[in-house]
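One file, coords-v3.txt, is given below (compact mmCIF, C-alpha atoms).
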```txt
# COMPACT_ATOMS: atom_id res chain seq x y z
CA MET A 1 3.83 -42.27 -11.65
CA LYS A 2 2.70 -38.66 -11.32
CA ASN A 3 -1.00 -39.57 -11.36
CA ILE A 4 -0.54 -42.46 -8.94
CA ALA A 5 1.41 -40.19 -6.58
CA TYR A 6 -1.21 -37.46 -6.87
CA ASN A 7 -4.08 -39.85 -6.13
CA LYS A 8 -2.22 -41.29 -3.14
CA ALA A 9 -1.68 -37.76 -1.81
CA ILE A 10 -5.38 -36.92 -2.15
CA GLU A 11 -6.23 -40.20 -0.43
CA LEU A 12 -4.03 -39.28 2.55
CA LEU A 13 -5.59 -35.81 2.82
CA HIS A 14 -8.99 -37.49 2.99
CA LYS A 15 -7.72 -39.74 5.79
CA VAL A 16 -6.65 -36.77 7.93
CA ALA A 17 -9.84 -34.79 7.28
CA THR A 18 -12.01 -34.52 10.40
CA PRO A 19 -15.06 -32.42 11.36
CA SER A 20 -12.65 -30.07 13.19
CA GLY A 21 -10.14 -29.74 10.35
CA PHE A 22 -6.99 -31.37 9.00
CA LEU A 23 -4.86 -33.47 11.34
CA ALA A 24 -1.09 -33.35 10.90
CA SER A 25 -0.75 -37.07 10.29
CA ALA A 26 -2.83 -40.20 9.87
CA GLU A 27 -0.36 -41.97 12.17
CA LYS A 28 -1.46 -42.33 15.81
CA THR A 29 1.43 -40.27 17.11
CA THR A 30 1.39 -37.87 20.06
CA ASN A 31 0.67 -34.28 18.97
CA TYR A 32 0.05 -35.20 15.33
CA GLN A 33 -3.60 -36.13 15.88
CA ARG A 34 -4.38 -32.45 16.26
CA VAL A 35 -5.50 -29.56 14.07
CA TRP A 36 -2.35 -27.48 13.54
CA ALA A 37 -2.25 -23.92 12.24
CA ARG A 38 0.64 -24.16 9.79
CA ASP A 39 0.06 -27.80 8.77
CA GLY A 40 -3.65 -27.17 8.42
CA VAL A 41 -3.27 -24.11 6.21
CA ILE A 42 -0.69 -25.80 3.96
CA CYS A 43 -3.05 -28.77 3.61
CA GLY A 44 -5.83 -26.26 2.99
CA LEU A 45 -3.91 -24.65 0.14
CA ALA A 46 -3.58 -28.12 -1.37
CA ALA A 47 -7.31 -28.63 -0.87
CA LEU A 48 -8.05 -25.45 -2.80
CA ALA A 49 -5.64 -26.55 -5.53
CA SER A 50 -7.34 -29.94 -5.80
CA GLY A 51 -10.85 -28.55 -6.20
CA ASP A 52 -12.08 -31.40 -3.99
CA GLU A 53 -15.19 -30.06 -2.23
CA MET A 54 -14.83 -32.29 0.82
CA LEU A 55 -11.19 -31.20 1.35
CA ILE A 56 -12.09 -27.55 0.82
CA GLU A 57 -14.80 -27.86 3.46
CA THR A 58 -12.21 -29.41 5.82
CA PHE A 59 -9.99 -26.39 5.23
CA LYS A 60 -12.87 -24.14 6.24
CA LYS A 61 -13.36 -26.20 9.41
CA THR A 62 -9.63 -25.92 10.14
CA LEU A 63 -9.80 -22.13 10.01
CA GLU A 64 -12.95 -22.06 12.12
CA THR A 65 -11.31 -24.24 14.78
CA LEU A 66 -8.29 -21.92 14.91
CA ALA A 67 -10.45 -18.77 15.01
CA ASN A 68 -12.73 -20.15 17.71
CA ASN A 69 -9.71 -20.77 19.93
CA GLN A 70 -7.86 -17.50 19.34
CA HIS A 71 -6.46 -16.21 22.63
CA SER A 72 -7.76 -12.90 23.97
CA ASN A 73 -4.36 -11.33 23.23
CA GLY A 74 -4.59 -12.35 19.56
CA THR A 75 -2.41 -15.46 19.42
CA ILE A 76 -3.66 -18.28 17.22
CA PRO A 77 -3.30 -21.82 18.55
CA SER A 78 -0.27 -23.75 17.42
CA ASN A 79 -2.59 -26.75 17.58
CA VAL A 80 -5.93 -27.88 18.95
CA LEU A 81 -6.86 -31.36 20.13
CA ILE A 82 -10.57 -32.15 19.95
CA ASP A 83 -11.61 -35.62 21.07
CA GLY A 84 -15.32 -35.85 21.59
CA SER A 85 -16.20 -33.43 24.39
CA PHE A 86 -12.53 -33.06 25.40
CA LYS A 87 -10.55 -30.11 24.02
CA GLU A 88 -6.95 -29.04 24.58
CA VAL A 89 -5.49 -25.88 23.08
CA SER A 90 -1.76 -25.22 22.75
CA TYR A 91 -0.20 -21.89 21.82
CA GLY A 92 3.27 -23.42 21.82
CA GLY A 93 5.48 -25.51 24.06
CA LEU A 94 8.75 -24.06 25.31
CA ALA A 95 7.93 -20.90 23.35
CA GLY A 96 4.92 -19.50 21.51
CA ARG A 97 4.57 -20.01 17.76
CA VAL A 98 4.71 -16.77 15.81
CA ASP A 99 3.95 -18.42 12.48
CA ALA A 100 0.61 -19.79 13.67
CA VAL A 101 -0.65 -16.19 13.57
CA THR A 102 0.56 -15.43 10.04
CA TRP A 103 -0.53 -18.78 8.60
CA PHE A 104 -4.05 -18.20 9.97
CA VAL A 105 -4.35 -14.80 8.25
CA ILE A 106 -2.98 -16.27 5.01
CA GLY A 107 -5.39 -19.19 5.25
CA VAL A 108 -8.53 -17.10 5.76
CA CYS A 109 -7.68 -14.81 2.85
CA GLN A 110 -6.61 -17.56 0.48
CA TYR A 111 -9.78 -19.51 1.22
CA ALA A 112 -11.94 -16.43 0.66
CA LYS A 113 -10.31 -15.56 -2.65
CA GLN A 114 -10.19 -19.05 -4.11
CA THR A 115 -13.82 -19.77 -3.17
CA ASP A 116 -15.01 -16.27 -4.07
CA ASN A 117 -16.33 -15.82 -0.53
CA VAL A 118 -15.53 -12.29 0.62
CA GLU A 119 -17.93 -12.73 3.53
CA PHE A 120 -15.46 -15.17 5.09
CA VAL A 121 -12.89 -12.38 5.49
CA ILE A 122 -15.57 -10.06 6.84
CA LYS A 123 -16.59 -12.74 9.35
CA TYR A 124 -13.05 -13.00 10.70
CA LYS A 125 -12.02 -9.37 10.24
CA SER A 126 -11.74 -8.75 13.99
CA HIS A 127 -9.68 -11.93 14.42
CA ILE A 128 -7.33 -10.89 11.61
CA GLU A 129 -6.90 -7.36 12.88
CA LYS A 130 -6.12 -8.66 16.37
CA CYS A 131 -3.46 -10.86 14.73
CA LEU A 132 -1.96 -7.95 12.82
CA SER A 133 -1.88 -5.79 15.94
CA LEU A 134 -0.05 -8.55 17.79
CA LEU A 135 2.52 -8.87 14.99
CA GLU A 136 3.11 -5.12 15.26
CA ALA A 137 3.71 -5.46 19.00
CA TRP A 138 6.21 -8.25 18.40
CA GLU A 139 8.49 -5.76 16.66
CA PHE A 140 9.27 -4.39 20.14
CA ASN A 141 11.38 -1.55 18.68
CA ASN A 142 8.83 -0.37 16.08
CA LYS A 143 11.37 -0.79 13.26
CA HIS A 144 9.26 -3.11 11.08
CA LEU A 145 10.90 -6.51 11.70
CA MET A 146 9.41 -8.89 14.28
CA TYR A 147 11.57 -10.39 17.01
CA VAL A 148 10.94 -14.14 17.17
CA PRO A 149 11.91 -16.36 20.12
CA LEU A 150 13.94 -19.53 19.78
CA SER A 151 11.45 -22.32 18.90
CA GLY A 152 9.02 -19.67 17.66
CA ASN A 153 8.04 -21.25 14.34
CA TRP A 154 7.90 -24.51 12.34
CA ALA A 155 11.64 -25.10 12.91
CA ASP A 156 10.84 -25.39 16.58
CA GLU A 157 13.96 -27.32 17.62
CA TYR A 158 16.44 -25.42 15.45
CA ILE A 159 18.78 -22.49 16.16
CA THR A 160 16.99 -19.56 14.51
CA ASP A 161 15.89 -16.70 16.72
CA GLY A 162 15.61 -12.92 16.71
CA TYR A 163 14.92 -11.44 13.31
CA VAL A 164 14.05 -14.69 11.57
CA LEU A 165 13.74 -14.33 7.80
CA TYR A 166 10.97 -16.90 7.36
CA ASP A 167 8.66 -15.10 9.81
CA GLN A 168 9.20 -11.67 8.25
CA LEU A 169 8.25 -13.12 4.86
CA LEU A 170 5.13 -14.85 6.16
CA ARG A 171 4.07 -11.53 7.66
CA ILE A 172 4.50 -9.82 4.27
CA TRP A 173 2.42 -12.54 2.63
CA ALA A 174 -0.27 -12.26 5.32
CA LEU A 175 -0.49 -8.49 4.95
CA LYS A 176 -0.64 -8.74 1.15
CA SER A 177 -3.35 -11.39 1.39
CA TYR A 178 -5.48 -9.27 3.73
CA ASN A 179 -4.90 -6.08 1.76
CA TYR A 180 -6.19 -7.81 -1.38
CA PHE A 181 -9.58 -7.32 0.27
CA GLN A 182 -8.97 -4.19 2.37
CA LYS A 183 -6.97 -2.07 -0.08
CA GLU A 184 -5.75 0.23 2.68
CA GLU A 185 -2.83 2.58 2.10
CA VAL A 186 -1.59 2.11 5.65
CA ILE A 187 -1.22 -1.64 5.05
CA SER A 188 0.50 -1.05 1.69
CA ASN A 189 2.96 1.29 3.38
CA LYS A 190 3.65 -1.25 6.11
CA ILE A 191 4.34 -3.94 3.53
CA ASP A 192 6.80 -1.63 1.78
CA LYS A 193 8.57 -0.84 5.06
CA ILE A 194 8.96 -4.51 5.99
CA ILE A 195 10.26 -5.42 2.52
CA GLU A 196 12.70 -2.51 2.68
CA GLN A 197 14.10 -3.73 6.01
CA VAL A 198 14.34 -7.33 4.75
CA GLU A 199 16.30 -6.17 1.72
CA ILE A 200 18.58 -3.91 3.77
CA ASN A 201 19.40 -6.48 6.44
CA PHE A 202 19.36 -9.81 4.56
CA ILE A 203 20.69 -9.08 1.05
CA PRO A 204 24.48 -8.94 0.56
CA LYS A 205 26.02 -5.56 -0.25
CA SER A 206 22.73 -3.75 0.26
CA THR A 207 22.52 -0.05 1.03
CA GLY A 208 20.69 1.51 3.97
CA GLU A 209 21.00 1.66 7.74
CA LYS A 210 21.38 -1.85 9.16
CA TYR A 211 19.94 -3.15 12.42
CA HIS A 212 23.35 -4.61 13.30
CA GLN A 213 26.00 -3.02 11.06
CA ARG A 214 29.01 -4.66 12.71
CA ALA A 215 27.55 -8.17 12.49
CA TYR A 216 26.43 -7.52 8.91
CA ASP A 217 29.93 -6.37 7.91
CA GLU A 218 31.56 -9.39 9.55
CA MET A 219 29.27 -11.92 7.93
CA ASN A 220 30.39 -13.92 4.92
CA PHE A 221 27.32 -13.37 2.72
CA GLN A 222 26.54 -15.94 0.05
CA ASP A 223 24.05 -16.30 -2.78
CA PHE A 224 20.94 -16.32 -0.61
CA MET A 225 19.42 -14.60 2.39
CA PRO A 226 20.70 -15.94 5.76
CA CYS A 227 18.19 -17.56 8.10
CA SER A 228 18.25 -15.06 11.00
CA PHE A 229 20.12 -12.48 13.04
CA SER A 230 19.89 -11.17 16.59
CA PRO A 231 21.91 -8.91 18.90
CA SER A 232 24.52 -11.71 19.04
CA GLY A 233 25.01 -11.69 15.26
CA TYR A 234 23.88 -13.59 12.16
CA LYS A 235 23.15 -17.27 11.71
CA THR A 236 24.12 -17.82 8.12
CA GLN A 237 22.52 -21.17 7.21
CA PHE A 238 20.49 -21.34 4.02
CA ASP A 239 16.79 -21.65 4.85
CA ALA A 240 15.12 -23.31 1.86
CA PHE A 241 11.58 -22.48 2.96
CA ALA A 242 12.37 -18.80 3.55
CA ASN A 243 14.32 -18.36 0.34
CA SER A 244 11.47 -20.00 -1.59
CA LEU A 245 9.18 -17.35 -0.09
CA VAL A 246 11.66 -14.67 -1.19
CA LEU A 247 11.12 -15.86 -4.77
CA LEU A 248 7.35 -16.22 -4.43
CA LEU A 249 7.04 -12.71 -2.97
CA ASN A 250 9.41 -11.35 -5.63
CA ILE A 251 11.76 -9.68 -3.15
CA GLY A 252 15.18 -8.46 -4.26
CA SER A 253 16.55 -7.95 -7.75
CA LYS A 254 16.12 -10.45 -10.57
CA GLU A 255 19.86 -11.05 -10.45
CA PHE A 256 19.74 -11.91 -6.75
CA GLN A 257 16.70 -14.15 -7.22
CA LYS A 258 18.58 -16.02 -9.95
CA LYS A 259 21.42 -16.60 -7.50
CA ILE A 260 18.96 -18.15 -5.04
CA ILE A 261 17.56 -20.45 -7.73
CA ASP A 262 21.02 -21.47 -8.96
CA PHE A 263 22.25 -22.16 -5.43
CA SER A 264 19.11 -24.15 -4.58
CA ASN A 265 19.26 -26.27 -7.73
CA SER A 266 22.95 -26.92 -7.20
CA LEU A 267 22.38 -27.95 -3.58
CA ALA A 268 19.50 -30.27 -4.53
CA SER A 269 21.63 -31.94 -7.23
CA GLU A 270 24.24 -32.85 -4.61
CA THR A 271 21.82 -34.84 -2.42
CA ASN A 272 20.84 -38.47 -2.96
CA LEU A 273 17.11 -37.74 -3.05
CA GLY A 274 17.59 -34.63 -5.19
CA LEU A 275 15.70 -32.55 -2.62
CA ILE A 276 16.85 -29.32 -0.97
CA PRO A 277 17.66 -29.70 2.74
CA ALA A 278 15.53 -27.50 5.00
CA PHE A 279 18.62 -25.74 6.41
CA TRP A 280 22.19 -25.98 5.14
CA PRO A 281 24.93 -26.64 6.11
CA PRO A 282 24.18 -28.82 9.12
CA VAL A 283 25.35 -27.86 12.60
CA PHE A 284 27.98 -30.33 13.85
CA PRO A 285 29.13 -31.12 17.42
CA ASN A 286 32.27 -28.99 17.06
CA ASP A 287 30.34 -25.95 15.76
CA GLU A 288 29.60 -22.78 17.69
CA HIS A 289 25.85 -23.36 17.85
CA TRP A 290 25.86 -27.09 18.66
CA ASN A 291 24.95 -26.68 22.34
CA LEU A 292 22.14 -24.30 21.43
CA LEU A 293 20.81 -26.93 19.03
CA LYS A 294 21.36 -29.87 21.39
CA ASN A 295 19.52 -28.24 24.28
CA ASN A 296 16.57 -26.98 22.22
CA CYS A 297 14.33 -30.02 22.56
CA LYS A 298 11.59 -30.78 25.04
CA PHE A 299 11.52 -34.58 24.83
CA GLU A 300 14.12 -36.24 22.61
CA PHE A 301 16.93 -34.86 20.47
CA ARG A 302 16.21 -35.26 16.75
CA ASN A 303 18.48 -32.73 15.07
CA TYR A 304 21.45 -34.95 14.33
CA PRO A 305 23.47 -33.71 11.35
CA TYR A 306 21.62 -34.28 8.03
CA GLU A 307 18.34 -35.00 9.83
CA PHE A 308 15.15 -33.18 10.81
CA HIS A 309 15.73 -29.39 10.63
CA ASN A 310 19.51 -29.82 10.82
CA GLY A 311 20.08 -30.56 7.14
CA GLY A 312 17.21 -33.02 6.68
CA SER A 313 15.12 -33.00 3.49
CA TRP A 314 11.38 -32.29 3.74
CA PRO A 315 8.92 -32.89 0.87
CA MET A 316 6.81 -30.00 2.23
CA VAL A 317 9.67 -27.50 1.98
CA ASN A 318 10.51 -28.71 -1.52
CA GLY A 319 6.88 -28.19 -2.49
CA PHE A 320 7.27 -24.48 -1.84
CA PHE A 321 10.51 -24.46 -3.81
CA GLY A 322 8.62 -26.08 -6.67
CA LEU A 323 6.02 -23.30 -6.49
CA ALA A 324 8.83 -20.74 -6.44
CA LEU A 325 10.33 -22.22 -9.60
CA LEU A 326 6.94 -22.04 -11.31
CA SER A 327 6.61 -18.39 -10.30
CA LYS A 328 9.81 -17.75 -12.29
CA ASP A 329 8.63 -19.78 -15.30
CA LYS A 330 11.07 -22.60 -14.49
CA ASN A 331 8.49 -25.26 -15.33
CA ALA A 332 10.98 -27.95 -16.32
CA ASP A 333 12.89 -27.53 -13.06
CA ALA A 334 9.62 -27.58 -11.10
CA GLU A 335 8.63 -30.83 -12.80
CA ILE A 336 11.92 -32.40 -11.70
CA ILE A 337 11.32 -31.29 -8.10
CA LEU A 338 7.79 -32.73 -8.23
CA GLU A 339 9.16 -36.06 -9.45
CA ARG A 340 11.59 -36.11 -6.52
CA ILE A 341 8.88 -35.19 -4.01
CA ASN A 342 6.71 -38.00 -5.38
CA HIS A 343 9.63 -40.43 -5.19
CA ALA A 344 10.27 -39.51 -1.54
CA ASN A 345 6.57 -39.74 -0.67
CA ALA A 346 6.39 -43.18 -2.30
CA ILE A 347 9.13 -44.71 -0.13
CA SER A 348 7.82 -47.69 1.91
CA GLU A 349 4.67 -48.01 -0.19
CA PHE A 350 3.65 -44.37 -0.04
CA SER A 351 4.36 -43.73 3.64
CA PHE A 352 4.61 -39.94 3.14
CA TYR A 353 7.38 -39.49 5.70
CA GLU A 354 7.92 -36.14 7.36
CA ASN A 355 11.59 -35.80 6.36
CA PHE A 356 14.65 -37.76 5.30
CA ASN A 357 18.33 -38.04 6.19
CA THR A 358 19.97 -36.12 3.35
CA THR A 359 22.99 -38.45 3.14
CA THR A 360 21.46 -41.91 3.74
CA GLN A 361 17.93 -41.27 2.40
CA GLU A 362 16.55 -42.94 5.55
CA PRO A 363 13.12 -41.58 6.58
CA ASN A 364 12.75 -39.55 9.78
CA GLY A 365 9.80 -38.29 11.76
CA VAL A 366 6.25 -39.55 11.43
CA ALA A 367 4.76 -41.42 8.51
CA PHE A 368 1.60 -40.40 6.63
CA CYS A 369 2.45 -36.75 7.20
CA ALA A 370 -0.32 -34.64 5.68
CA TRP A 371 1.79 -31.74 4.46
CA SER A 372 4.13 -34.10 2.61
CA ALA A 373 1.05 -35.08 0.61
CA ALA A 374 0.03 -31.42 0.31
CA ALA A 375 3.36 -30.59 -1.33
CA SER A 376 2.70 -33.06 -4.13
CA VAL A 377 -0.85 -31.79 -4.70
CA LEU A 378 0.16 -28.11 -4.73
CA VAL A 379 2.99 -28.48 -7.24
CA HIS A 380 1.04 -30.95 -9.40
CA GLN A 381 -2.00 -28.69 -9.74
CA SER A 382 0.10 -25.56 -10.20
CA LEU A 383 2.22 -27.23 -12.87
CA TYR A 384 -0.40 -29.14 -14.84
CA ASN A 385 -3.67 -27.28 -14.14
CA ASN A 386 -2.49 -23.68 -13.69
CA PHE A 387 -3.62 -23.33 -10.07
CA LYS A 388 -2.35 -20.07 -8.57
CA ILE A 389 -1.81 -19.22 -4.93
CA PHE A 390 -1.85 -15.44 -4.71
CA PHE A 391 1.09 -13.58 -3.19
```
Now that the file is in, can you turn its structure into structure tokens?
Amino acid sequence: MKNIAYNKAIELLHKVATPSGFLASAEKTTNYQRVWARDGVICGLAALASGDEMLIETFKKTLETLANNQHSNGTIPSNVLIDGSFKEVSYGGLAGRVDAVTWFVIGVCQYAKQTDNVEFVIKYKSHIEKCLSLLEAWEFNNKHLMYVPLSGNWADEYITDGYVLYDQLLRIWALKSYNYFQKEEVISNKIDKIIEQVEINFIPKSTGEKYHQRAYDEMNFQDFMPCSFSPSGYKTQFDAFANSLVLLLNIGSKEFQKKIIDFSNSLASETNLGLIPAFWPPVFPNDEHWNLLKNNCKFEFRNYPYEFHNGGSWPMVNGFFGLALLSKDKNADAEIILERINHANAISEFSFYENFNTTTQEPNGVAFCAWSAAASVLVHQSLYNNFKIFF
């Protein structure tokens, strides 16, 4: 099964490969026939893992498309549509996408390292530094954590806003990736400052001056980092993607990281597909944040309980959890997660759905979703062929 699933995933990545870069899906669905920053870089990481020269070249084209359409203020496109001579560039819908900027920096540096092409970083040095300057400005208060708008990242119809954990961690990864080449003390110091503030404000019973001491004291901390906080307080849902990045970036004590792993494995074991929901628990109609969730959609509401970002299960997110398990030498657990990702991707004759209802196992979102395939490739190659993303 594992080899069939892997080959099917590679086949899908080939289908979404275009001269401009990776499309988000092979399905003819509005907005998915575009080169996306986050989707494209995640597919690009899978391309590097695969060693497939054609896919690696498509990753390069993805990064070039994003760089060529960087806004003068430094923002990287959320997505770019190129159809013959027609081009349309989006920097976000109801709000701009902060994570497009960090994923671009990560992508350029990962491509350069894995292909031993330092010149690629040099080529886009000015683009990267404009990105990093913009991230600095988005702190607003110069206290090392970025302030992210509602809809400002991949969970674009969810409730996270303010100091969103996922975005702080992507910034750390981006800075580490760039500093692999630059080796600048000022960047090292910035990384340390951001990590310090993440640990102070997101880890239970931490010491140090908090951004929002009253809200921190009132929060019922659990065995993971909460998804976000803002002047109005904390949102305490478990963010599987962010907490996987916590493990990959080796933030917090070993004891706390073990709590994250134990909680994640326990949560996955309780679902029918055996996958970790993207955010947990779901927001229900009688909950405080239901109206915020219900109104945060531009076209149609998709965040019903147990679906989409609101407790739905995503193969892509579970791919990063699989990588996190491997980073902690939990190879047997990672193999189980890979089997479950492959099982989910294989539903409806390998339709590679975007996400699934965590209670009914029914697929949601688009089919032939490229980053669902990328998850399988990344974990497979990391588990069986010792591929390493650098963090």
(request) May I ask which of the residues A:Glu64, A:Leu175, A:Ala344, A:Lys143 is the closest one to A:Glu209, counting only C-alpha atoms? (result)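 Checking each candidate against A:Glu209, we get A:Lys143 as the closest.
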(message) If we draw a sphere of 12 Å around (20.8, -10.5, 13.9), which residues have at least one atom in it when counting all atoms listed in the file? Please report them as a ChimeraX atom specification.
(response) /A:145-148,160-165,198,201-202,210-219,226-236
Would you mind listing, for every residue of stretch 127-216 of chain A within 8 Å of stretch 274-295 of chain A, the two atoms forming the shortest contact and the distance between them in Å to one decimal, using all atoms listed in the file, sorted by chain and ascending residue number, as CSV?
```
residue,atom,partner,partner_atom,distance
A:Glu157,CA,A:Leu293,CA,7.0
A:Tyr158,CA,A:Leu293,CA,5.8
A:Ile159,CA,A:Leu293,CA,5.7
```
What does the file look like for those residues with C-alpha atoms, as a compact mmCIF listing (two decimals), keeping the file's coordinate frame?
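Writing done, so here's selection.txt:
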```
# COMPACT_ATOMS: atom_id res chain seq x y z
CA GLU A 157 13.96 -27.32 17.62
CA TYR A 158 16.44 -25.42 15.45
CA ILE A 159 18.78 -22.49 16.16
```
(message) I want to know what sits within 8 Å of A:Tyr6, based on all atoms listed in the file, with residues of the same chain fewer than 3 positions away left out; could you give that as a PyMOL selection string?
(response) chain A and resi 2-3+9-10+376-377+380
(request) Find the residue from A:Leu383, A:Ala268, A:Val246, A:Ile122 that sits nearest to A:Gly312; use all atoms listed in the file when measuring. (result)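 Between A:Leu383, A:Ala268, A:Val246, A:Ile122, the residue approaching A:Gly312 most closely is A:Ala268.
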(message) So that I can see what lies close to A:Leu245, please list as a list in words the residues with an atom at most 8 Å from it, counting all atoms listed in the file and leaving out residues fewer than 6 positions away in the same chain.
(response)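 Residues near the query, excluding close chain neighbours: Tyr166, Leu169, Leu170, Phe320 and Ala324 of chain A.
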Quick one: write out the picked residues with C-alpha atoms as an mmCIF file, keeping the file's coordinate frame?
```cif
data_model
loop_
_atom_site.group_PDB
_atom_site.id
_atom_site.type_symbol
_atom_site.label_atom_id
_atom_site.label_comp_id
_atom_site.auth_asym_id
_atom_site.auth_seq_id
_atom_site.Cartn_x
_atom_site.Cartn_y
_atom_site.Cartn_z
ATOM 1 C CA TYR A 166 10.970 -16.900 7.360
ATOM 2 C CA LEU A 169 8.250 -13.120 4.860
ATOM 3 C CA LEU A 170 5.130 -14.850 6.160
ATOM 4 C CA PHE A 320 7.270 -24.480 -1.840
ATOM 5 C CA ALA A 324 8.830 -20.740 -6.440
#
```
(message) What's the separation between atom CA of A:Gly252 and atom CA of A:Gln182, in Å to one decimal place?
(response) 25.4 Å
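Take the candidates A:Ala24, A:Val121, A:Ile191, A:Leu247 and check each one against A:Asn79 using all atoms listed in the file; the shortest distance goes to A:Ala24.
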(request) With all atoms listed in the file counted, which protein, DNA or RNA residues have an atom no more than 12 Å from (20.1, -6.9, -2.6) in the file frame? Please answer as number ranges by chain. (result) A: 195-208, 221-225, 246, 250-260
(message) Give me, as a count of residues only, all polymer residues having an atom no more than 12 Å from A:Gly107, counting only C-alpha atoms and skipping those fewer than 3 positions away in the same chain.
(response) 45
(message) What's the separation between atom CA of A:Leu94 and atom CA of A:Asn303, in Å to one decimal place?
(response) 16.6 Å
(request) Pick out the closest residue to A:Asn385 from this set: A:Arg34, A:Phe368, A:Ala49, A:Thr29. Count only C-alpha atoms. (result)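 Of the candidates, the smallest distance to A:Asn385 is held by A:Ala49.
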(request) Find, counting all atoms listed in the file, the residue in A:Asn331, A:Ser126, A:Ser78, A:Asn342 that gets nearest to A:Asn386. (result)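 Checking each candidate against A:Asn386, we get A:Asn331 as the closest.
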(request) Point out the residue among A:Asn345, A:Ser133, A:Asn357, A:Asn220 with the least atom-to-atom distance to A:Trp371, counting all atoms listed in the file. (result)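 Among A:Asn345, A:Ser133, A:Asn357, A:Asn220, it is A:Asn345 that comes nearest to A:Trp371.
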